[in-house]
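In what follows, a single structure is set out as structure tokens and then discussed.
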Amino acid sequence: MCLAVPGRVVEIEGAEPAFLRGKVDFGGVLKEVALPFTPEVKVGEYVLVHAGFALQVLDESEARRTLDDLNQLGMLDPPPEGPG
Amino acid sequence: MKFLDEYRDGELVSELGRRIAATAAHDWTIMEVCGGQTHTILKSGLEELLPGNVQLVHGPGCPVCVTPLELIDAAVEVAMRPGVVFTSFGDMLRVPGSRLSLLDARARGADVRIVYSPLDAVELARRMQEKEVVFFAVGFETTAPANAMAVWQAANTGVENFSIVSAHVLVPPAMEAVLGSPECRVQAFLAPGHVCAVDGYEQYEAVANRYGVPVVVTGFEPVDLMEGILGAVRQLEDGRAEVENRYSRAVKREGNQEARRIVAEVFETSSRKWRGIGAIPNSGLCLRPAYASFDALTRFGAQTGEVAEPEQCQAGRVLQGLLKPTGCAAFGTHCTPDHPLGAPMVSSEGACAAYYLYGGRD
Amino acid sequence: MAHGGGGRMTERLIEDVFLPAFVGAELGRRHDGAYLPELQRRLAVTTDCFVVKPLLFPGGSIGSLAVHGTVNDLAMCGARPLYLTAGFVLEEGLEIALLRRVVTDMAAAARESGVEIITADTKVVERGKGDGVYINTTGIGECLIGEAGPWRAEPGDAVIVSGDLGRHGIAILSVREGIEFSTRIESDAMALWPAVSALIAAGIEIHCLRDLTRGGLSSALNEIARARGVEINIDEATIPISEPVRGACEFLGLDPLYVANEGRFCVIVPGGEAPRAVGVLKSTGLALDARVIGALCEGRSRVVMKTRIGGRRIVDMLSGEQLPRIC
């Protein structure tokens with residue numbers, strides 16, 4: 001369920017929160033997206049888009065933190081202590 | 001593309017696979033609830049990278065698959081009315097009702113159109129005052145805010161020739177239905193990350209507590225899925241049953257308050273029949289009385305009678321993770337994407353279609 | 001435009017729109033049929049009908065498509081395209097300016113492809129009985145090599161694609177009502193003969209050529225695998241797809257392997273010939289992204305792909321057109 005794709009907000013228009021719209025860049029393709037659920041979003045930030053609506057502003061620092069954790073594979077998770 | 005490519009890194013996925021293998025000392029069965037995740041798993045060949053003792057079973061999280069036949073029949077009936085422009089996401093068009101699909105209806109002269117967003121349907125209604133524009137509002141918690149906003153905008157900008165067929169479903173009641181089955185063998189859940197992006201994960205804490213199952217909020221890319229599986233396996237090995245968020249770049253505990261507010265404004269929960277499973281209390285959304293005039297079935301007096309499923313179809317058991325698609329006698333023989341018996345063979349994210357398309361046929 | 005049964009209206013269409021654009025000696029004689037000179041070589045013939053909505057799209061129109069589609073089918077037979085016939089079904093009410101644009105595009109594409117439109121026909125149908133214009137073209141070409149087809153493909157052969165995939169299908173979707181988006185993606189529609197003739201001139205042993213039109217790469221490879229009874233193994237990481245096509249496919253929920261192309265083909269050559277064939281294709285300047293994406297091997301008639309993350313999956317034929325989805 002629920003194909004939702006990250007894209008970068010390049011333009012925001014509209015004053016009334018319920019009708020907030022913007023353009024979102026997906027790898028160079030621009031699509032008009034409704035932004036009423038992410039009124040805080042700023043140009044340049046990434047949003048998760050589903051059915052023409054931004055559902056969330058993606059948290060870059062959170063993403064970086066988890067990826068760093070994963071990439072330093074030694075720190076990935078402590079290995080299990082053995083079966084138990 | 002940022003936020004996608006990093007999560008499709010082959011080396012990282014392999015390393016996570018090795019971690020899972022090193023962690024899993026016992027046999028575990030984990031259900032990914034969401035069909036989108038099933039799709040990623042099969043499309044990227046992820047199961048090959050998992051140890052044999054970690055089994056994935058595919059859940060009921062495909063709104064198209066669980067939309068009952070009678071609702072599709074009613075949608076087709078409305079679409080065939082003169083003066084109606086029937087709009088839908090592409091997903092629903094090929095799904096057969098008991099007689100016709102929406103594509104069949106189009107071939108017989110109905111004006112059926114694909115939209116990308118429900119707001120496109122409202123815009124169409126605004127442009128075509130002489131027509132009645134109906135939108136097939138299908139979806140889980142992820143899609144409900146978009147559909148609710150379409151109704152709200154229509155109501156607040158005087159677009160009266162717009163209405164919806166509401167076919168919304170909710171995830172937590174479906175998870176409980178799976179867990180409540182005496183045959184249930186699911187030991188942990190990967191919770192659908194995009195549903196949680198909207199609704200948060202507070203409500204899964206109750207499920208984890210009540211049934212003693214780990215629930216890991218999981219994203220949709222290969223790295224995300226492996227991370228989710230690793231999280232679930234670690235909890236299972238530790239004997240924990242917690243809700244854990246492994247999709248933190250998109251999901252907060254409280255979800256998206258703005259989106260939840262508009263859903264609560266326009267919709268209320270209702271009992272809902274799930275195709276192949278049956279009625280589940282409080283598992284659907286219908287329009288609140290203040291918005292009831294936007295209900296297409298009422299507006300057009302369309303009937304939703306009881307329709308029996310083809311007997312050969314095991315979709316209900318597949319959707320509950322009790323049967324792998326390949327375990328069904330009809331799979332690939334009496335039931336193919338060209339001649340489907342049930343919706344999981346039709347929908348792009350249906351488990352049977354994914355197995356058929358990506359090669360679970362060996 | 002009014003409904004014309006073969007009277008003055010159709011006559012004026014021919015005088016005003018078609019003849020000025022299709023300035024060929026043979027068509028200009030306005031006889032019931034065309035006389036062709038004697039040809040030295042074996043002939044190849046193909047026919048195709050074109051229906052597309054919308055009629056104009058970024059990078060082309062139904063007019064250019066009707067030429068490219070047919071001359072490319074000839075090229076896939078290893079045949080130099082020489083002549084085209086054209087049949088038009090026009091819907092009453094079609095704007096003459098739009099028709100003129102379609103016909104002009106068609107003439108330009110024919111000129112660039114080196115083919116002459118030798119005979120043509122027009123019918124007008126009632127309003128509501130057509131989508132503006134339908135075009136049929138039949139192409140005649142002369143074969144410069146012996147037969148190339150799936151039956152000649154062998155285990156050990158390499159699969160080469162001529163360029164990045166999916167532009168045409170995505171360009172069409174970008175202007176389709178209900179889906180439209182703004183983009184720099186133009187259709188990849190173009191004539192493939194120059195690239196194919198370069199392979200022939202370089203003496204590459206060509207086993208099979210197939211253009212990647214409707215159903216995309218996946219359909220073409222599955223057809224070959226089934227016709228020849230071999231397994232085709234491809235590597236996802238090597239398949240060229242541009243960033244905007246990927247982006248559009250992501251948010252529309254489409255798989256680029258199934259998206260249509262109108263200016264891309266795959267060629268199957270002996271494994272040892274592959275590097276040279278890629279070099280020749282690149283040297284034409286028309287296939288800069290050409291590359292080897294896989295190989296044929298003994299096995300069941302199917303296409304198997306090594307995924308980007310190192311898994312394996314079947315790439316099957318699609319039933320019906322891919323539809324944008326939200327699930």
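Labels used: A, B, ... for chains in the order of the structure tokens, numbers from 1 for residues in each chain, and numbers from 1 for ligands as shown.
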What's around Leu3 in chain A at 9 Å? Count only C-alpha atoms, leave out sequence neighbours fewer than 3 positions away in its own chain, and write the answer as a ChimeraX atom specification. /A:49-51 /B:36,194,220 /C:250-253,325-327
Based on the selection just made, write C-alpha atoms of those residues as a compact mmCIF listing (two decimals), in the first residue's frame.
# COMPACT_ATOMS: atom_id res chain seq x y z
CA VAL A 49 4.77 12.45 -1.57
CA HIS A 50 1.77 10.16 -1.92
CA ALA A 51 -1.20 10.64 -4.29
CA GLY B 36 4.31 -2.22 -1.14
CA HIS B 194 3.88 5.18 5.14
CA PHE B 220 10.14 0.52 1.71
CA GLU C 250 9.21 6.41 -9.05
CA PHE C 251 6.29 8.72 -8.38
CA LEU C 252 3.99 7.12 -10.93
CA GLY C 253 4.85 3.64 -9.70
CA ARG C 325 -0.59 3.61 -9.25
CA ILE C 326 -0.56 4.76 -5.64
CA CYS C 327 -0.18 1.36 -4.03
I need the chain A residues near chain C as a list in words; criterion: at most 8 Å, counting only C-alpha atoms. Met1, Cys2, Leu3, Ala4, Val5, Phe26, Gly27, Gly28, Val29, Leu30, Lys31, Glu32, Val49, His50 and Ala51 of chain A
Can you work out which residues from chain B touch chain A at a cut-off of 7 Å (counting only C-alpha atoms) and hand them back as a PDB file with N, CA and C atoms, in the first residue's frame?
ATOM      1  N   MET B   1      18.858   9.413  -6.881  1.00  0.00           N
ATOM      2  CA  MET B   1      17.888  10.283  -6.198  1.00  0.00           C
ATOM      3  C   MET B   1      18.090  10.177  -4.690  1.00  0.00           C
ATOM      4  N   PHE B   3      17.595  10.106  -0.789  1.00  0.00           N
ATOM      5  CA  PHE B   3      16.629   9.404   0.068  1.00  0.00           C
ATOM      6  C   PHE B   3      16.110   8.117  -0.570  1.00  0.00           C
ATOM      7  N   THR B  23      22.237 -13.230  13.890  1.00  0.00           N
ATOM      8  CA  THR B  23      21.385 -12.959  15.049  1.00  0.00           C
ATOM      9  C   THR B  23      20.317 -14.033  15.228  1.00  0.00           C
ATOM     10  N   ALA B  25      18.928 -17.242  15.807  1.00  0.00           N
ATOM     11  CA  ALA B  25      19.315 -18.583  16.257  1.00  0.00           C
ATOM     12  C   ALA B  25      18.154 -19.569  16.125  1.00  0.00           C
ATOM     13  N   CYS B  34       2.401  -4.630   4.661  1.00  0.00           N
ATOM     14  CA  CYS B  34       2.087  -3.781   3.522  1.00  0.00           C
ATOM     15  C   CYS B  34       2.485  -4.407   2.193  1.00  0.00           C
ATOM     16  N   GLY B  35       1.573  -4.358   1.238  1.00  0.00           N
ATOM     17  CA  GLY B  35       1.836  -4.900  -0.097  1.00  0.00           C
ATOM     18  C   GLY B  35       2.981  -4.217  -0.808  1.00  0.00           C
ATOM     19  N   GLY B  36       3.191  -2.930  -0.529  1.00  0.00           N
ATOM     20  CA  GLY B  36       4.309  -2.215  -1.137  1.00  0.00           C
ATOM     21  C   GLY B  36       5.635  -2.829  -0.724  1.00  0.00           C
ATOM     22  N   GLY B  61      -2.040  -5.827   3.553  1.00  0.00           N
ATOM     23  CA  GLY B  61      -1.945  -4.392   3.321  1.00  0.00           C
ATOM     24  C   GLY B  61      -1.968  -3.956   1.889  1.00  0.00           C
ATOM     25  N   CYS B  62      -2.987  -4.360   1.177  1.00  0.00           N
ATOM     26  CA  CYS B  62      -3.174  -3.929  -0.201  1.00  0.00           C
ATOM     27  C   CYS B  62      -4.626  -3.509  -0.315  1.00  0.00           C
ATOM     28  N   PRO B  63      -4.885  -2.207  -0.312  1.00  0.00           N
ATOM     29  CA  PRO B  63      -6.276  -1.739  -0.263  1.00  0.00           C
ATOM     30  C   PRO B  63      -7.095  -2.235  -1.456  1.00  0.00           C
ATOM     31  N   TYR B 116      -3.997  11.148 -10.751  1.00  0.00           N
ATOM     32  CA  TYR B 116      -2.826  10.929  -9.910  1.00  0.00           C
ATOM     33  C   TYR B 116      -3.150  11.321  -8.479  1.00  0.00           C
ATOM     34  N   SER B 117      -3.952  12.379  -8.336  1.00  0.00           N
ATOM     35  CA  SER B 117      -4.318  12.884  -7.015  1.00  0.00           C
ATOM     36  C   SER B 117      -5.832  13.056  -6.970  1.00  0.00           C
ATOM     37  N   THR B 142      -2.663   6.060   4.849  1.00  0.00           N
ATOM     38  CA  THR B 142      -1.781   6.904   4.053  1.00  0.00           C
ATOM     39  C   THR B 142      -2.554   7.778   3.072  1.00  0.00           C
ATOM     40  N   ALA B 146      -5.450  12.569   1.868  1.00  0.00           N
ATOM     41  CA  ALA B 146      -5.608  13.152   0.532  1.00  0.00           C
ATOM     42  C   ALA B 146      -7.076  13.114   0.121  1.00  0.00           C
ATOM     43  N   HIS B 194       4.588   4.007   5.663  1.00  0.00           N
ATOM     44  CA  HIS B 194       3.882   5.178   5.136  1.00  0.00           C
ATOM     45  C   HIS B 194       2.548   5.389   5.833  1.00  0.00           C
ATOM     46  N   ALA B 197       3.710   7.177   8.798  1.00  0.00           N
ATOM     47  CA  ALA B 197       4.084   8.569   8.536  1.00  0.00           C
ATOM     48  C   ALA B 197       2.879   9.472   8.792  1.00  0.00           C
ATOM     49  N   VAL B 198       1.692   8.968   8.511  1.00  0.00           N
ATOM     50  CA  VAL B 198       0.468   9.734   8.743  1.00  0.00           C
ATOM     51  C   VAL B 198      -0.028   9.547  10.180  1.00  0.00           C
ATOM     52  N   GLU B 237      14.655 -12.777  19.399  1.00  0.00           N
ATOM     53  CA  GLU B 237      15.707 -13.523  20.093  1.00  0.00           C
ATOM     54  C   GLU B 237      15.832 -13.090  21.554  1.00  0.00           C
ATOM     55  N   SER B 248      12.841   6.304  10.920  1.00  0.00           N
ATOM     56  CA  SER B 248      12.750   7.562  11.668  1.00  0.00           C
ATOM     57  C   SER B 248      12.888   8.797  10.786  1.00  0.00           C
ATOM     58  N   ARG B 249      13.397   8.644   9.555  1.00  0.00           N
ATOM     59  CA  ARG B 249      13.484   9.837   8.708  1.00  0.00           C
ATOM     60  C   ARG B 249      12.100  10.294   8.252  1.00  0.00           C
ATOM     61  N   ALA B 250      11.131   9.403   8.323  1.00  0.00           N
ATOM     62  CA  ALA B 250       9.789   9.758   7.835  1.00  0.00           C
ATOM     63  C   ALA B 250       8.703   9.644   8.898  1.00  0.00           C
ATOM     64  N   ASN B 256       1.434  12.636  11.543  1.00  0.00           N
ATOM     65  CA  ASN B 256       1.235  13.985  11.021  1.00  0.00           C
ATOM     66  C   ASN B 256      -0.109  14.518  11.517  1.00  0.00           C
ATOM     67  N   GLU B 258      -1.637  17.406  11.206  1.00  0.00           N
ATOM     68  CA  GLU B 258      -2.496  18.114  10.237  1.00  0.00           C
ATOM     69  C   GLU B 258      -3.293  17.102   9.417  1.00  0.00           C
ATOM     70  N   ALA B 259      -2.606  16.064   8.987  1.00  0.00           N
ATOM     71  CA  ALA B 259      -3.263  15.054   8.154  1.00  0.00           C
ATOM     72  C   ALA B 259      -4.318  14.319   8.970  1.00  0.00           C
TER      73      ALA B 259
END
Exercise answer, chain C residues close to chain B, 7 Å and only C-alpha atoms, as number ranges by chain: C: 178-179, 307-316, 319, 323-327
Quick one: pull the distance between CA of Arg240 in chain B and CA of Leu323 in chain B, Å, one decimal. 26.5 Å
Report as a VMD selection string all protein, DNA and RNA residues lying within 8 Å of range 279-294 of chain C, evaluated on only C-alpha atoms, omitting residues in the same chain fewer than 3 positions from it. chain C and resid 158 to 164 194 to 195 198 to 199 202 232 to 236 238 to 240 274 to 276
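DSSP on the backbone gives helix (DSSP H, G or I) for these parts of chain A: Pro17, Ala18, Phe19, Glu60, Ser61, Glu62, Ala63, Arg64, Arg65, Thr66, Leu67, Asp68, Asp69, Leu70, Asn71, Leu73, Gly74 and Met75 of chain A.
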For those residues, write N, CA, C and O atoms to a file as a CSV table (one decimal), in the first residue's frame.
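Wrote it out as out37.csv, contents follow:
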chain,number,residue,atom,x,y,z
A,17,PRO,N,-3.5,27.9,4.5
A,17,PRO,CA,-2.9,26.6,4.8
A,17,PRO,C,-3.6,25.4,4.0
A,17,PRO,O,-2.9,24.5,3.5
A,18,ALA,N,-4.9,25.3,4.0
A,18,ALA,CA,-5.6,24.2,3.4
A,18,ALA,C,-5.4,24.1,1.9
A,18,ALA,O,-5.6,23.1,1.3
A,19,PHE,N,-4.9,25.2,1.3
A,19,PHE,CA,-4.7,25.2,-0.2
A,19,PHE,C,-3.3,25.4,-0.6
A,19,PHE,O,-3.0,25.6,-1.7
A,60,GLU,N,16.4,15.1,7.6
A,60,GLU,CA,17.7,14.8,7.1
A,60,GLU,C,18.7,14.4,8.1
A,60,GLU,O,19.5,13.5,7.9
A,61,SER,N,18.6,15.0,9.3
A,61,SER,CA,19.6,14.7,10.3
A,61,SER,C,19.4,13.3,10.9
A,61,SER,O,20.3,12.5,11.1
A,62,GLU,N,18.1,12.9,11.0
A,62,GLU,CA,17.8,11.6,11.4
A,62,GLU,C,18.2,10.6,10.4
A,62,GLU,O,18.8,9.5,10.7
A,63,ALA,N,18.1,10.9,9.1
A,63,ALA,CA,18.5,10.0,8.1
A,63,ALA,C,20.0,9.8,8.1
A,63,ALA,O,20.5,8.7,8.0
A,64,ARG,N,20.7,10.9,8.3
A,64,ARG,CA,22.2,10.9,8.3
A,64,ARG,C,22.7,10.0,9.4
A,64,ARG,O,23.5,9.2,9.3
A,65,ARG,N,22.0,10.2,10.6
A,65,ARG,CA,22.4,9.5,11.8
A,65,ARG,C,22.3,8.0,11.6
A,65,ARG,O,23.2,7.3,11.9
A,66,THR,N,21.1,7.6,11.1
A,66,THR,CA,20.9,6.1,11.0
A,66,THR,C,21.8,5.6,9.9
A,66,THR,O,22.4,4.5,10.0
A,67,LEU,N,22.0,6.3,8.8
A,67,LEU,CA,22.9,5.8,7.7
A,67,LEU,C,24.3,5.7,8.2
A,67,LEU,O,25.0,4.7,7.9
A,68,ASP,N,24.8,6.7,9.0
A,68,ASP,CA,26.1,6.7,9.5
A,68,ASP,C,26.3,5.4,10.4
A,68,ASP,O,27.3,4.7,10.3
A,69,ASP,N,25.3,5.2,11.2
A,69,ASP,CA,25.3,4.0,12.1
A,69,ASP,C,25.5,2.8,11.3
A,69,ASP,O,26.3,1.9,11.6
A,70,LEU,N,24.7,2.7,10.2
A,70,LEU,CA,24.7,1.5,9.4
A,70,LEU,C,26.0,1.3,8.7
A,70,LEU,O,26.6,0.3,8.5
A,71,ASN,N,26.5,2.5,8.1
A,71,ASN,CA,27.7,2.4,7.3
A,71,ASN,C,29.0,2.1,8.1
A,71,ASN,O,29.9,1.4,7.6
A,73,LEU,N,29.9,-0.3,10.0
A,73,LEU,CA,29.2,-1.6,10.2
A,73,LEU,C,29.6,-2.2,11.6
A,73,LEU,O,28.8,-2.9,12.2
A,74,GLY,N,30.8,-1.8,12.1
A,74,GLY,CA,31.2,-2.3,13.4
A,74,GLY,C,30.2,-1.9,14.4
A,74,GLY,O,30.0,-2.6,15.4
A,75,MET,N,29.6,-0.7,14.2
A,75,MET,CA,28.7,-0.1,15.2
A,75,MET,C,27.3,-0.5,14.9
A,75,MET,O,26.4,0.0,15.6
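Here CA of Pro270 in chain C stands at a distance of 9.0 Å from CA of Ile204 in chain C.
Picture a line from CA of Glu231 in chain C to CA of Glu221 in chain B; it runs 28.2 Å.
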What residues in range 94-295 of chain B get the DSSP label strand (DSSP E)? Please answer as a compact mmCIF listing (two decimals) with N, CA, C and O atoms, in the first residue's frame.
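File selection-v5.txt, as written:
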# COMPACT_ATOMS: atom_id res chain seq x y z
N ASP B 111 -17.30 6.77 -19.01
CA ASP B 111 -16.19 7.72 -19.02
C ASP B 111 -15.37 7.51 -17.75
O ASP B 111 -15.66 8.06 -16.70
N VAL B 112 -14.36 6.64 -17.83
CA VAL B 112 -13.53 6.29 -16.68
C VAL B 112 -12.15 6.88 -16.90
O VAL B 112 -11.55 6.66 -17.95
N ARG B 113 -11.66 7.65 -15.94
CA ARG B 113 -10.37 8.32 -16.13
C ARG B 113 -9.44 8.08 -14.94
O ARG B 113 -9.89 7.98 -13.81
N ILE B 114 -8.15 8.02 -15.25
CA ILE B 114 -7.14 7.87 -14.20
C ILE B 114 -6.76 9.25 -13.68
O ILE B 114 -6.57 10.17 -14.47
N GLU B 132 -21.31 14.80 -13.47
CA GLU B 132 -21.11 14.38 -12.09
C GLU B 132 -19.76 13.67 -12.04
O GLU B 132 -19.57 12.64 -12.70
N VAL B 133 -18.81 14.19 -11.29
CA VAL B 133 -17.50 13.56 -11.20
C VAL B 133 -17.43 12.75 -9.90
O VAL B 133 -17.65 13.28 -8.81
N VAL B 134 -17.15 11.45 -10.05
CA VAL B 134 -17.09 10.55 -8.90
C VAL B 134 -15.67 10.05 -8.77
O VAL B 134 -15.02 9.72 -9.76
N PHE B 135 -15.18 9.98 -7.52
CA PHE B 135 -13.82 9.50 -7.28
C PHE B 135 -13.87 8.23 -6.42
O PHE B 135 -14.59 8.18 -5.43
N PHE B 136 -13.12 7.22 -6.84
CA PHE B 136 -13.07 5.96 -6.08
C PHE B 136 -12.01 6.13 -4.99
O PHE B 136 -10.81 6.00 -5.23
N ALA B 137 -12.47 6.47 -3.78
CA ALA B 137 -11.56 6.82 -2.69
C ALA B 137 -11.13 5.57 -1.94
O ALA B 137 -11.67 5.21 -0.90
N VAL B 138 -10.13 4.92 -2.51
CA VAL B 138 -9.62 3.69 -1.93
C VAL B 138 -8.34 4.03 -1.19
O VAL B 138 -7.69 5.02 -1.50
N GLY B 139 -7.99 3.23 -0.19
CA GLY B 139 -6.70 3.46 0.46
C GLY B 139 -6.69 3.16 1.94
O GLY B 139 -7.73 3.02 2.57
N PHE B 162 -19.28 16.80 -7.25
CA PHE B 162 -18.19 15.87 -6.90
C PHE B 162 -18.67 14.95 -5.79
O PHE B 162 -19.37 15.37 -4.88
N SER B 163 -18.34 13.67 -5.88
CA SER B 163 -18.66 12.74 -4.80
C SER B 163 -17.66 11.60 -4.82
O SER B 163 -16.90 11.44 -5.77
N ILE B 164 -17.65 10.81 -3.74
CA ILE B 164 -16.69 9.71 -3.65
C ILE B 164 -17.38 8.38 -3.31
O ILE B 164 -18.42 8.35 -2.66
N VAL B 165 -16.78 7.31 -3.78
CA VAL B 165 -17.11 5.98 -3.28
C VAL B 165 -16.05 5.69 -2.22
O VAL B 165 -14.87 5.54 -2.56
N SER B 166 -16.43 5.66 -0.96
CA SER B 166 -15.45 5.51 0.11
C SER B 166 -15.11 4.04 0.31
O SER B 166 -15.97 3.22 0.62
N ALA B 167 -13.84 3.71 0.13
CA ALA B 167 -13.39 2.32 0.28
C ALA B 167 -12.14 2.29 1.14
O ALA B 167 -11.16 1.63 0.82
N HIS B 168 -12.17 3.03 2.25
CA HIS B 168 -10.99 3.13 3.11
C HIS B 168 -10.91 1.98 4.09
O HIS B 168 -11.92 1.49 4.57
N VAL B 169 -9.68 1.60 4.37
CA VAL B 169 -9.44 0.55 5.36
C VAL B 169 -8.31 0.97 6.30
O VAL B 169 -7.50 1.82 5.96
N ALA B 188 6.12 -11.71 14.48
CA ALA B 188 6.49 -10.30 14.55
C ALA B 188 5.96 -9.60 13.31
O ALA B 188 5.73 -10.23 12.28
N PHE B 189 5.76 -8.30 13.43
CA PHE B 189 5.25 -7.52 12.30
C PHE B 189 6.26 -6.46 11.87
O PHE B 189 6.88 -5.81 12.71
N LEU B 190 6.36 -6.27 10.55
CA LEU B 190 6.94 -5.05 10.04
C LEU B 190 5.75 -4.12 9.79
O LEU B 190 4.90 -4.42 8.95
N ALA B 191 5.66 -3.04 10.55
CA ALA B 191 4.52 -2.13 10.38
C ALA B 191 4.78 -1.23 9.18
O ALA B 191 5.92 -0.89 8.88
N PRO B 192 3.71 -0.88 8.47
CA PRO B 192 3.86 -0.12 7.21
C PRO B 192 4.29 1.32 7.46
O PRO B 192 3.54 2.12 8.03
N VAL B 215 6.69 -5.17 16.99
CA VAL B 215 6.21 -4.43 15.82
C VAL B 215 7.31 -3.43 15.44
O VAL B 215 7.68 -2.60 16.26
N VAL B 216 7.83 -3.56 14.23
CA VAL B 216 8.92 -2.68 13.80
C VAL B 216 8.43 -1.81 12.64
O VAL B 216 8.09 -2.33 11.57
N VAL B 217 8.38 -0.51 12.87
CA VAL B 217 7.98 0.42 11.81
C VAL B 217 9.09 0.44 10.76
O VAL B 217 10.24 0.72 11.08
N THR B 218 8.73 0.11 9.53
CA THR B 218 9.73 -0.17 8.51
C THR B 218 9.44 0.59 7.22
O THR B 218 8.28 0.73 6.81
N VAL B 243 7.32 -1.78 20.31
CA VAL B 243 7.20 -1.06 19.05
C VAL B 243 8.50 -0.29 18.85
O VAL B 243 8.97 0.39 19.76
N GLU B 244 9.09 -0.46 17.69
CA GLU B 244 10.40 0.11 17.43
C GLU B 244 10.33 0.82 16.09
O GLU B 244 9.76 0.29 15.13
N ASN B 245 10.87 2.03 16.01
CA ASN B 245 10.78 2.82 14.78
C ASN B 245 12.09 2.75 14.00
O ASN B 245 13.08 3.34 14.39
N PHE B 267 -14.08 12.02 8.01
CA PHE B 267 -14.46 10.59 8.11
C PHE B 267 -14.69 10.16 9.56
O PHE B 267 -14.18 10.76 10.49
N GLU B 268 -15.44 9.06 9.70
CA GLU B 268 -15.53 8.37 11.00
C GLU B 268 -15.35 6.87 10.74
O GLU B 268 -15.58 6.39 9.63
N THR B 269 -14.93 6.15 11.79
CA THR B 269 -14.67 4.73 11.58
C THR B 269 -15.98 3.97 11.46
O THR B 269 -17.01 4.36 12.01
N SER B 270 -15.92 2.88 10.72
CA SER B 270 -17.10 2.05 10.51
C SER B 270 -16.65 0.61 10.35
O SER B 270 -15.47 0.35 10.10
N SER B 271 -17.58 -0.30 10.48
CA SER B 271 -17.26 -1.70 10.20
C SER B 271 -17.05 -1.82 8.70
O SER B 271 -17.63 -1.09 7.91
N ARG B 272 -16.21 -2.76 8.31
CA ARG B 272 -15.91 -2.85 6.89
C ARG B 272 -15.65 -4.31 6.53
O ARG B 272 -14.98 -5.02 7.28
N LYS B 273 -16.20 -4.71 5.40
CA LYS B 273 -15.93 -6.06 4.92
C LYS B 273 -14.61 -6.04 4.14
O LYS B 273 -14.40 -5.18 3.29
N TRP B 274 -13.72 -7.00 4.45
CA TRP B 274 -12.46 -7.14 3.72
C TRP B 274 -12.60 -8.32 2.79
O TRP B 274 -13.01 -9.41 3.21
N GLY B 278 -13.53 -11.05 5.45
CA GLY B 278 -14.83 -10.85 6.08
C GLY B 278 -14.89 -9.52 6.80
O GLY B 278 -13.97 -8.70 6.69
N ALA B 279 -15.99 -9.31 7.54
CA ALA B 279 -16.18 -8.03 8.21
C ALA B 279 -15.23 -7.90 9.40
O ALA B 279 -15.04 -8.85 10.15
N ILE B 280 -14.61 -6.74 9.54
CA ILE B 280 -13.77 -6.44 10.69
C ILE B 280 -14.30 -5.14 11.31
O ILE B 280 -14.41 -4.14 10.61
N PRO B 281 -14.65 -5.19 12.64
CA PRO B 281 -15.21 -4.00 13.26
C PRO B 281 -14.22 -2.83 13.23
O PRO B 281 -13.01 -3.04 13.36
N ASN B 282 -14.75 -1.64 13.06
CA ASN B 282 -13.95 -0.40 13.12
C ASN B 282 -12.73 -0.41 12.20
O ASN B 282 -11.71 0.19 12.51
N SER B 283 -12.84 -1.10 11.09
CA SER B 283 -11.67 -1.20 10.21
C SER B 283 -11.82 -0.37 8.95
O SER B 283 -10.98 -0.44 8.05
N GLY B 284 -12.89 0.41 8.84
CA GLY B 284 -13.07 1.23 7.65
C GLY B 284 -13.35 2.68 8.01
O GLY B 284 -13.47 3.02 9.19
N LEU B 285 -13.43 3.52 6.99
CA LEU B 285 -13.79 4.91 7.20
C LEU B 285 -14.95 5.26 6.29
O LEU B 285 -14.93 4.91 5.10
N CYS B 286 -15.98 5.92 6.87
CA CYS B 286 -17.05 6.44 6.01
C CYS B 286 -17.22 7.92 6.29
O CYS B 286 -16.70 8.45 7.28
N LEU B 287 -17.92 8.59 5.41
CA LEU B 287 -18.10 10.04 5.55
C LEU B 287 -18.94 10.37 6.78
O LEU B 287 -19.92 9.68 7.08
